[in-house]
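K.L.:
Before I ask anything, let me first share the structure, which is written out below as structure tokens.
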Amino acid sequence: MKRYGMVVDLNRCVGCQTCTIACKHANDTPPGVQWRRVLDVEVGTFPSVSRVFLVTGCQHCANPPCVPVCPTGATRQRADGLVTMTYDTCIGCGSCAVACPYQARTIVHEKVGYYGEKTRQEKKTAHDDRINVANKCTFCVERIDEAEVLGLIPGVDAEVTPACSVSCIAKAITFGDFNDKAAQVSELAKSNRSFQMHAQLGTDPQIKYLYEIPGTTPGRKAEFSDTDDEAMSDASNPLVGARQTFWDYRAAMNFILGGMSSGLAILAWLAHSSGAIDTGRLHVINLFAAFLMAIGLFFVFLKIGRKARFLNVLLRPHSSWMTRETWCVALFYPAVAAGFLWPHPVIDLIAALSAAAFLVCQARILYASKGIPTWRAPLIPSMLVATGLFEGLGLFALLDGRVAGLALAGLALAVVNARLWRRYLLTAREEGIGPLSRHDLAVIAKPLLVLGHVAPALLFALCLVLPQSAATLAALAGAAAVAGGVLWKFVMITRACHQQGFALPMMPQRGSGERAAPKRLALD
Amino acid sequence: MTETAKAKRSERKTVPVYCNQCVCGPDLLRVEVENGVALRIEPNLDIGAAHPAHGRVCVKAYGMIQKTYNPNRITQPMKRSNPKKGKEHEPGFVAISWEEAFDLVAGKMNEILAKGLTDEEGYPRLAASFGGGGTPTRYMGSFPAFLSAWGPMDLGFGSGQGAKCYHSEHLYGEFWHRAFTVTVDSPNCDYIINCGNNQEASSGVTGVWRQADARVRGLKRVQVEPHLSVTGALSAEWVPIRPKTDAAFLYGVIHRILHERDWRTLCDVRFLSDDTNSPYLVGPNGYFLRDTVSGKPLIWDLASNRARPFDEFTSGSGTEPALEGSFTVAGMEQGPDGQSWQHEAIIVKPSFQLLIEHLATCTPEWAAAECDIEASSIRRVADEFVAHARVGATIEIEGETLPHRPVGIMLGKGVNNGWGGYQTVWARTLLACLVGALEVPGGTLGTKVRLNRPADNRLKSVKAGPDGFMAYPFNATTKEDWQAKPHIRNGYKMLVPLSANSPWSSALGPAHLPWLFQKKPPNPWPKQTLPDMWICYRTNPAISSWNAPFVAERIAEFPFTVAFAYTLDETNYMADVLLPDATDIESLQLSRIGGTGSGEQFWHHQGWAIRQSVVPPAGECRDMTDIATELAKRTGILRRYNESINRGSAATALKTEAFDYSLDPDVAHTAEEIWNAVAKAASHDLSEGKEVHGIDWFREHGFMLREFSQLDWYLYPEMKRKGLRFELPYQENIKRHGAQLATRMHEVGIAWWDSQLEEYEALPNYKRFPDIWTNYASEVGRDPAEFPFWALTARSMQYAWGANVGLPLIQEVAQNIVGHDGIIINRSVARRLGIKNGDPIVLESASGKTHGRATLREGIRPDTVLLIGQFDHWATPYAKNLGVGSLNSLTPLSLSTTDGTGSGADLIRVSVKRDDSPQAVARGRQP
């Protein structure tokens with residue numbers, strides 16, 4: 001079996017952007033879209049500086065995080081390792097884009113040319129099927145597919161080798177089959193030390209970067225100062241990821257409304273099970289929850305690029321949490337409706353379980369977004385579930401503040417949420433969350449603690465000591481809990497959402513001062 | 001699937017053309033075309049390993065299609081409706097027919113023909129500028145034949161050359177080793193000292209390819225420059241030197257070798273003795289001591305203990321030339337203007353001894369203070385250089401054994417141009433000589449000739465001259481032959497003996513002086529008349545010149561300007577007629593490829609390639625060859641024009657002793673006919689008659705090659721065959737010409753060139769060159785302290801020569817390279833000034849201002865700011881909205897910053913401030 005990949009030699013690349021533009025030609029990408037892009041990276045401080053050109057693009061990971069998250073099957077991995085896109089299936093949900101830790105994916109929404117109106121060439125090379133869906137480097141899959149037909153070998157024969165490699169004027173990009181020991185990529189990878197970017201994420205990317213000149217100049221490990229908070233706070237540093245824009249307030253609305261509505265449904269069922277509310281009330285609350293959830297889902301519907309084919313979202317239940325979330329919706333709504341028409345505890349249980357599953361799915365959707373360090377943190381699933389429940393409880397408290405045990409549950413959830421939040425902040429750095437996102441988190445750290453955790457906790461506690469005002473206090477506590485949840489999710493989705501930056505764990509030893517290559521007086 | 005894939009491939013139609021967008025070419029590409037629309041560009045890999053970069057083209061070539069379909073193109077002839085000219089006056093161009101355009105242009109030309117080609121001051125009435133470092137000859141069709149047929153024409157109005165070229169290298173390089181441009185034999189080199197040459201951005205695909213190969217092989221390059229360029233980034237070490245002190249650095253390196261190390265064991269003493277003028281004895285007046293009978297320079301023979309003429313020191317003669325010491329000798333010196341001194345018994349020294357003494361004070365500590373770097377760096381570089389030189393080693397190339405000296409020295413433009421250029425190129429070439437690394441495998445090489453002849457063969461241009469050196473076509477400085485009055489407005493024959501008198505010389509003279517003198521001529525100087533007509537061929541001096549805004553004002557003063565125009569730009573804004581010629585992939589031409597050429601174009605093949613119309617010309621654009629023919633016809637010079645084509649002005653001679661494909665001189669031929677004849681002549685010549693192909697064959701195959709010997713990369717074997725020495729280190733000829741020129745100038749009362757005349761030193765002295773630019777402020781009544789920063793520029797591979805500033809595609813990819821969106825400034829300094837990344841800033845020099853956005857980086861000296869490329873457009877569509885600033889708006893155009901070769905350097909002192917003006921806010925970010 002083949003395993004296609006690339007070897008990029010950092011000692012060869014001069015950052016000329018010929019590969020970038022050759023790719024644009026070969027793949028007809030629109031303005032602003034670069035499937036192959038070469039970054040101009042500087043590390044160090046004058047007078048000890050080095051500068052490296054870093055070839056980026058889809059790494060066609062052996063374990064690609066973008067594939068399982070795709071709810072439609074538009075993104076798949078072939079047997080030869082290529083991660084492919086089927087534009088006609090993609091709904092443009094952006095899940096793959098936020099799952100990619102290499103910033104490889106783009107979604108273009110408008111059909112514009114470089115000068116506004118398209119030129120004759122742009123009209124003839126337009127790909128309308130790529131509008132509003134995810135795009136990325138394909139390793140020039142059409143060429144590779146032609147290889148067998150033409151009896152040629154990708155990486156050896158230019159016409160079946162990716163355009164970036166064929167066009168490179170420094171021989172910096174070599175393409176081929178890593179499973180073929182005789183292939184040049186295998187030879188290069190074997191006879192040189194190399195690194196895979198973000199190897200620690202387990203993606204097993206299939207671009208290997210060479211960084212040393214064997215025999216004369218060993219590579220250099222990144223120094224702490226290359227990636228310290230100051231370096232990583234500089235938005236102009238190409239290693240620093242920018243805020244993702246694939247998911248905006250509309251996605252946030254789904255997480256906010258979906259979380260609180262599913263939480264509400266769960267809480268209502270629990271309350272009903274404990275006898276605190278009757279069946280009729282449960283059904284009314286479920287209906288309200290379904291209404292809120294529908295608004296959230298409608299926002300998502302507004303967000304997806306290809307609305308007409310939104311049902312494709314149901315196609316990948318075996319891997320996609322987004323598909324599963326949708327199936328949960330498909331179960332929840334009939335269950336809520338059926339609860340009204342044919343009241344039965346099993347149906348109510350189904351509604352509650354599907355709401356709980358929905359909440360878990362949401363939590364896993366965010367957690368599966370490996371391209372966003374704040375989202376992929378291990379605490380995220382627990383936090384989303386805990387927040388959803390707390391928001392649900394908050395809503396419930398607004399509706400039925402007198403329910404016994406509510407205050408105690410609220411107090412408990414406030415404590416759980418506060419502890420999770422605190423732990424999340426404390427571990428943010430070690431979980432790879434960069435300073436820009438940490439800054440955004442820090443901005444809401446106190447407000448969230450006060451509004452979302454301490455205030456509800458105090459108010460719920462007061463409920464216990466002032467039972468006569470319990471309803472009012474619980475309602476206030478609930479409102480604070482909901483407000484805290486809204487604030488947190490909104491900031492998480494739209495602010496503290498910087499993409500995983502690029503990394504140079506090893507780099508060529510060259511530059512000024514201490515970074516310069518070693519002194520060389522002998523030749524051999 | 002199978003059949004579909006096959007069908008798809010066979011349906012694709014790709015057309016071979018060459019890329020004409022820089023001097024380091026042409027390189028080859030293919031354009032995919034469908035139903036008359038060009039779709040995509042790809043490298044032409046058909047050429048395979050015959051091309052040193054295996055058929056690749058650089059990023060610029062991929063802009064050609066967008067360039068073709070740019071909606072801002074001018075696609076029909078236009079004439080000006082507003083008689084007022086200037087930046088503030090809308091030209092009001094209105095479309096006209098070609099017939100009317102030709103009537104206007106040819107009518108004006110006929111007026112000139114009627115009045116006489118030169119005016120009352122003796123200046124040509126017709127002037128033309130091309131820019132582009134000679135690249136226009138690859139896209140202007142047969143227009144060179146028109147120029148040749150016309151007669152006297154002033155080609156000396158510069159577009160920025162002098163500051164934008166390798167000026168000192170051009171002149172001294174050709175003089176010393178037929179090196180109009182200089183490079184390093186990278187495939188055989190192990191160590192390069194590179195003072196600011198941005199090789200990775202400027203040496204073309206071949207340079208990038210070869211440097212990358214050399215790097216991974218272990219070549220070490222030390223980049224000495226004030227900012228960490230793309231090339232510095234790829235170098236083993238970056239030494240952040242103070243601007244314009246490179247000569248001091250190299251002097252320090254040489255001092256280390258000559259004074260701190262044992263040069264007798266480290267240097268290539270045989271090369272110095274036999275192949276340079278190092279052993280020539282120098283008399284007390286600074287001229288070679290010569291044999292009184294033969295007049296030949298003398299060398300002290302340690303074997304016979306007497307002075308003997310240089311040509312007696314042949315191998316096997318048992319002679320032993322002295323490089324050091326002092327000797328009592330009889331002889332004569334030949335000074336300027338026939339002056340001579342007879343010496344009965346005088347103590348003299350070999351020039352090498354004088355060299356040693358000359359650099360005695362240039363210690364690494366002295367240089368380190370000048371350059372603001374560590375003395376240890378200078379010592380280490382010197383030691384590494386000599387260690388890598390492998391003195392004594394040989395290499396076999398194509399069966400011949402040659403010296404192998406794998407060390408080279410490169411110089412950048414700012415280093416090479418203007419004051420200090422002479423010292424730096426001298427030190428570089430001398431350093432190569434010290435270890436015998438000049439024009440040998442692995443060493444420092446010339447690439448092509450432009451001032452010597454024949455232009456297409458560097459080796460054949462090696463001709464024996466006096467004193468054992470190559471002959472060089474100096475412009476005369478003797479009383480009888482000196483050109484006492486400028487024949488064109490830059491007066492190169494009069495002012496710059498080294499600029500020679502080839503078709504390139506007018507562009508290599510002080511090409512900025514016509515602009516300067518147009519405003520205020522020096523005294524005395526003949527009246528600086530305006531040309532009756534100026535042809536501006538797709539060049540934009542109103543942007544690309546030093547002090548471009550000043551030049552724009554001068555252009556507005558021209559009475560009649562014809563501009564071959566691609567889009568509206570800052571120069572053709574002042575034109576009277578715009579003529580749209582068909583561009584890169586719309587017209588027909590053949591060009592030489594291979595051999596040796598600019599950058600690192602060292603091929604194992606040479607031949608011809610085609611540029612053809614892949615798509616029909618946009619609108620009414622016409623093939624330049626047809627435009628040239630029509631103009632020739634309408635001005636009655638058709639016969640001369642055709643004869644010029646037959647002689648080879650367009651590409652190659654159509655008639656030789658071996659073949660005759662010449663055109664009927666009395667008939668107007670189409671572009672197709674002309675290039676068909678060229679194709680046949682070129683292929684006949686290339687194959688020695690074995691394969692003669694018409695233009696259609698080239699259309700299909702794209703190129704034709706024959707082998708080119710690697711031995712022809714190196715001048716040294718040819719020098720040895722002819723028994724010649726390199727005219728280094730001692731510059732007797734320069735000294736004599738300088739003395740004569742000074743006399744001539746003073747005879748006609750010219751004193752304003754005196755400081756330039758001081759440059760003519762036999763052993764050039766280092767001066768504090770940075771002070772020249774610092775003190776410029778005082779010259780215009782400003783305080784130098786106002787301007788604490790150096791502003792520099794650097795090559796953009798993505799933009800240079802591409803005429804592609806109006807292409808958003810190029811801008812998009814160029815943005816990935818830092819500096820294309822703003823002015824680079826040291827981060828710590830910016831912090832001190834309260835400037836954040838992306839903040840609008842204004843740079844002011846004593847002669848101009850520019851605006852841009854701050855780009856904060858660490859890879860730049862704290863006293864330096866950097867503006868990449870050439871921008872500040874105000875008329876060119878799209879480009880005018882980029883808002884990135886330009887050094888050309890800051891650099892002064894002045895005599896005081898003009899050196900003896902007539903060049904200036906691309907740098908100036910500036911102030912840097914946050915730009916809080918409302919306009920800055922309005923400019924905002926890039927489009």
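As shown in the structure tokens, the chain order sets the letters A, B, ...; within each chain, residues go from 1, and ligands are also counted from 1 in the order they appear.
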List the neighbours of Gly485 of chain A out to 8 Å using only C-alpha atoms; skip same-chain residues closer than 4 positions along the sequence, and give me the result as number ranges by chain.

P.N.:
A: 256, 387-388, 390-391, 452, 481, 489

K.L.:
Once you have the residues from the selection above, write them out as an mmCIF file, in the first residue's frame, restricted to N, CA and C atoms.

P.N.:
data_model
loop_
_atom_site.group_PDB
_atom_site.id
_atom_site.type_symbol
_atom_site.label_atom_id
_atom_site.label_comp_id
_atom_site.auth_asym_id
_atom_site.auth_seq_id
_atom_site.Cartn_x
_atom_site.Cartn_y
_atom_site.Cartn_z
ATOM 1 N N ILE A 256 -24.630 27.731 22.804
ATOM 2 C CA ILE A 256 -25.297 28.376 23.943
ATOM 3 C C ILE A 256 -26.715 27.822 24.109
ATOM 4 N N THR A 387 -21.534 22.995 32.093
ATOM 5 C CA THR A 387 -22.142 24.304 31.821
ATOM 6 C C THR A 387 -23.557 24.133 31.305
ATOM 7 N N GLY A 388 -23.721 23.161 30.404
ATOM 8 C CA GLY A 388 -25.059 22.911 29.868
ATOM 9 C C GLY A 388 -26.037 22.584 30.990
ATOM 10 N N PHE A 390 -25.728 23.336 34.098
ATOM 11 C CA PHE A 390 -25.888 24.497 34.981
ATOM 12 C C PHE A 390 -26.817 25.527 34.339
ATOM 13 N N GLU A 391 -26.620 25.734 33.037
ATOM 14 C CA GLU A 391 -27.506 26.667 32.337
ATOM 15 C C GLU A 391 -28.936 26.130 32.357
ATOM 16 N N GLY A 452 -20.895 33.989 36.882
ATOM 17 C CA GLY A 452 -21.352 32.647 36.520
ATOM 18 C C GLY A 452 -21.206 31.619 37.621
ATOM 19 N N ALA A 481 -26.452 32.105 36.348
ATOM 20 C CA ALA A 481 -25.833 30.899 35.797
ATOM 21 C C ALA A 481 -25.937 30.896 34.282
ATOM 22 N N LYS A 489 -19.358 30.604 26.696
ATOM 23 C CA LYS A 489 -19.399 29.952 25.377
ATOM 24 C C LYS A 489 -19.174 30.966 24.258
#

K.L.:
Taking the DSSP secondary structure from the backbone, can you list the residues of segment 401-478 of chain A that are helix (DSSP H, G or I), as a PyMOL selection string?

P.N.:
chain A and resi 406-427+435-465+467-478

K.L.:
Give the answer as one residue: which of B:Gly414, B:Gly156, B:Pro406, B:Gly133 has the shortest atom-to-atom distance to chain A, using only C-alpha atoms?

P.N.:
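Counting only C-alpha atoms, the residue closest to chain A is B:Pro406.
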
K.L.:
Can you build me a table of segment 458-518 of chain A residues sitting at most 9 Å from segment 80-102 of chain A, with the closest atom pair per residue and its distance in Å to one decimal, using only C-alpha atoms, sorted by chain and residue number, as a tab-separated table?

P.N.:
residue	atom	partner	partner_atom	distance
A:Gln499	CA	A:Pro101	CA	7.1
A:Gln500	CA	A:Pro101	CA	5.2
A:Gly501	CA	A:Tyr102	CA	7.3
A:Phe502	CA	A:Tyr102	CA	6.8

K.L.:
Quote the spacing between atom CA of Val329 of chain A and atom CA of Asn286 of chain A in Å to one decimal place.

P.N.:
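Here the two named atoms are 12.7 Å from each other.
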
K.L.:
Nearest to Gly511 of chain A among B:Phe659, B:Ile860, B:Cys536, B:Leu588, with distances taken over only C-alpha atoms: which residue is it?

P.N.:
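Closest candidate: B:Ile860.
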
K.L.:
Counting only C-alpha atoms, which residue out of A:Ser369, A:Thr227, A:Thr20, A:Asn192 sits closest to chain B?

P.N.:
A:Thr20

K.L.:
Which residues are close to segment 308-318 of chain B, i.e. within 7 Å by only C-alpha atoms, leaving aside same-chain residues fewer than 2 positions away? Reply as a list in words.

P.N.:
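Once the nearby chain positions are removed, what remains is Asp291, Lys296, Pro297, Leu298, Ile299, Trp300, Asp301, Arg306 and Glu320 of chain B.
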
K.L.:
Atoms to include: C-alpha atoms. Write the selected residues as a PDB file, in the first residue's frame.

P.N.:
ATOM      1  CA  ASP B 291      62.288  49.474 -19.237  1.00  0.00           C
ATOM      2  CA  LYS B 296      57.659  47.523 -20.660  1.00  0.00           C
ATOM      3  CA  PRO B 297      56.930  47.420 -16.918  1.00  0.00           C
ATOM      4  CA  LEU B 298      59.730  45.918 -14.901  1.00  0.00           C
ATOM      5  CA  ILE B 299      59.714  43.143 -12.345  1.00  0.00           C
ATOM      6  CA  TRP B 300      62.522  42.425  -9.937  1.00  0.00           C
ATOM      7  CA  ASP B 301      63.965  38.996 -10.607  1.00  0.00           C
ATOM      8  CA  ARG B 306      67.972  42.506 -11.447  1.00  0.00           C
ATOM      9  CA  GLU B 320      61.713  34.499  -9.714  1.00  0.00           C
TER      10      GLU B 320
END

K.L.:
What separation in Å, quoted to one decimal, exists between atom CA of Ala548 of chain B and atom CA of Pro226 of chain B?

P.N.:
23.9 Å

K.L.:
Write out as a PyMOL selection string which residues come within 6 Å of segment 346-354 of chain A when counting only C-alpha atoms, dropping same-chain ones fewer than 5 positions away.

P.N.:
chain A and resi 265-266+328+332+335-336+339

K.L.:
Using only C-alpha atoms, determine which residues lie at most 7 Å from segment 24-35 of chain A, disregarding the query and same-chain residues fewer than 6 positions distant; provide the list as a PDB file with C-alpha atoms, in the first residue's frame.

P.N.:
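Final file, result_21.pdb:
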ATOM      1  CA  GLY A  57      -0.355  23.275   3.685  1.00  0.00           C
ATOM      2  CA  ALA A 104      -4.868  23.957   5.849  1.00  0.00           C
ATOM      3  CA  GLY A 113     -12.042  37.779  -9.120  1.00  0.00           C
ATOM      4  CA  TYR A 114      -8.781  39.455  -8.325  1.00  0.00           C
ATOM      5  CA  THR A 125     -11.001  28.400 -14.475  1.00  0.00           C
ATOM      6  CA  ALA A 126     -13.748  29.055 -11.943  1.00  0.00           C
ATOM      7  CA  LYS A 136      -7.590  22.374   0.879  1.00  0.00           C
ATOM      8  CA  CYS A 137      -4.490  21.022  -0.793  1.00  0.00           C
ATOM      9  CA  ALA A 163       2.620  21.233  -8.864  1.00  0.00           C
TER      10      ALA A 163
ATOM     11  CA  ARG B  40      -2.442  28.336 -16.500  1.00  0.00           C
ATOM     12  CA  ILE B  41       1.319  28.484 -16.447  1.00  0.00           C
ATOM     13  CA  GLU B 812      -1.043  38.218  -2.646  1.00  0.00           C
TER      14      GLU B 812
END

K.L.:
I want to know what sits within 8 Å of segment 199-209 of chain A, based on only C-alpha atoms, with residues of the same chain fewer than 2 positions away left out; could you give that as JSON, numbers by chain?

P.N.:
{"A": [4, 5, 6, 7, 8, 9, 10, 59, 60, 61, 62, 63, 64, 65, 189, 194, 195, 196, 197, 211]}

K.L.:
Could you pull the residues within 8 Å of Glu620 of chain B, counting only C-alpha atoms, minus those fewer than 5 positions along the same chain, as a PDB file with N, CA and C atoms, in the first residue's frame?

P.N.:
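New file result37.pdb:
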ATOM      1  N   THR B  75      -5.315  49.279 -24.107  1.00  0.00           N
ATOM      2  CA  THR B  75      -5.397  48.348 -25.239  1.00  0.00           C
ATOM      3  C   THR B  75      -5.673  49.056 -26.558  1.00  0.00           C
ATOM      4  N   GLN B  76      -5.617  50.364 -26.545  1.00  0.00           N
ATOM      5  CA  GLN B  76      -5.688  51.057 -27.832  1.00  0.00           C
ATOM      6  C   GLN B  76      -4.861  52.334 -27.722  1.00  0.00           C
ATOM      7  N   PRO B  77      -4.386  52.810 -28.869  1.00  0.00           N
ATOM      8  CA  PRO B  77      -3.576  54.036 -28.819  1.00  0.00           C
ATOM      9  C   PRO B  77      -4.386  55.193 -28.235  1.00  0.00           C
ATOM     10  N   PRO B 580       0.018  50.979 -27.258  1.00  0.00           N
ATOM     11  CA  PRO B 580      -0.057  49.690 -26.550  1.00  0.00           C
ATOM     12  C   PRO B 580       0.573  48.568 -27.369  1.00  0.00           C
TER      13      PRO B 580
END

K.L.:
To one decimal place in Å, what is the distance between atom CA of Phe102 of chain B and atom CA of Gly141 of chain B?

P.N.:
17.7 Å

K.L.:
Would you please work out which residue, of A:Thr138, A:Ser273, A:Asn237, A:Asn11, is nearest to Gly219 of chain A when using only C-alpha atoms?

P.N.:
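Closest candidate: A:Asn11.
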
K.L.:
Step one, run DSSP on the backbone; step two, keep only residues of segment 203-305 of chain B assigned to strand (DSSP E); then write them as a list in words.

P.N.:
Lys220, Arg221, Val222, Gln223, Val224, Glu237, Trp238, Val239, Leu281, Val282, Leu289, Arg290, Leu298, Ile299, Trp300 and Asp301 of chain B
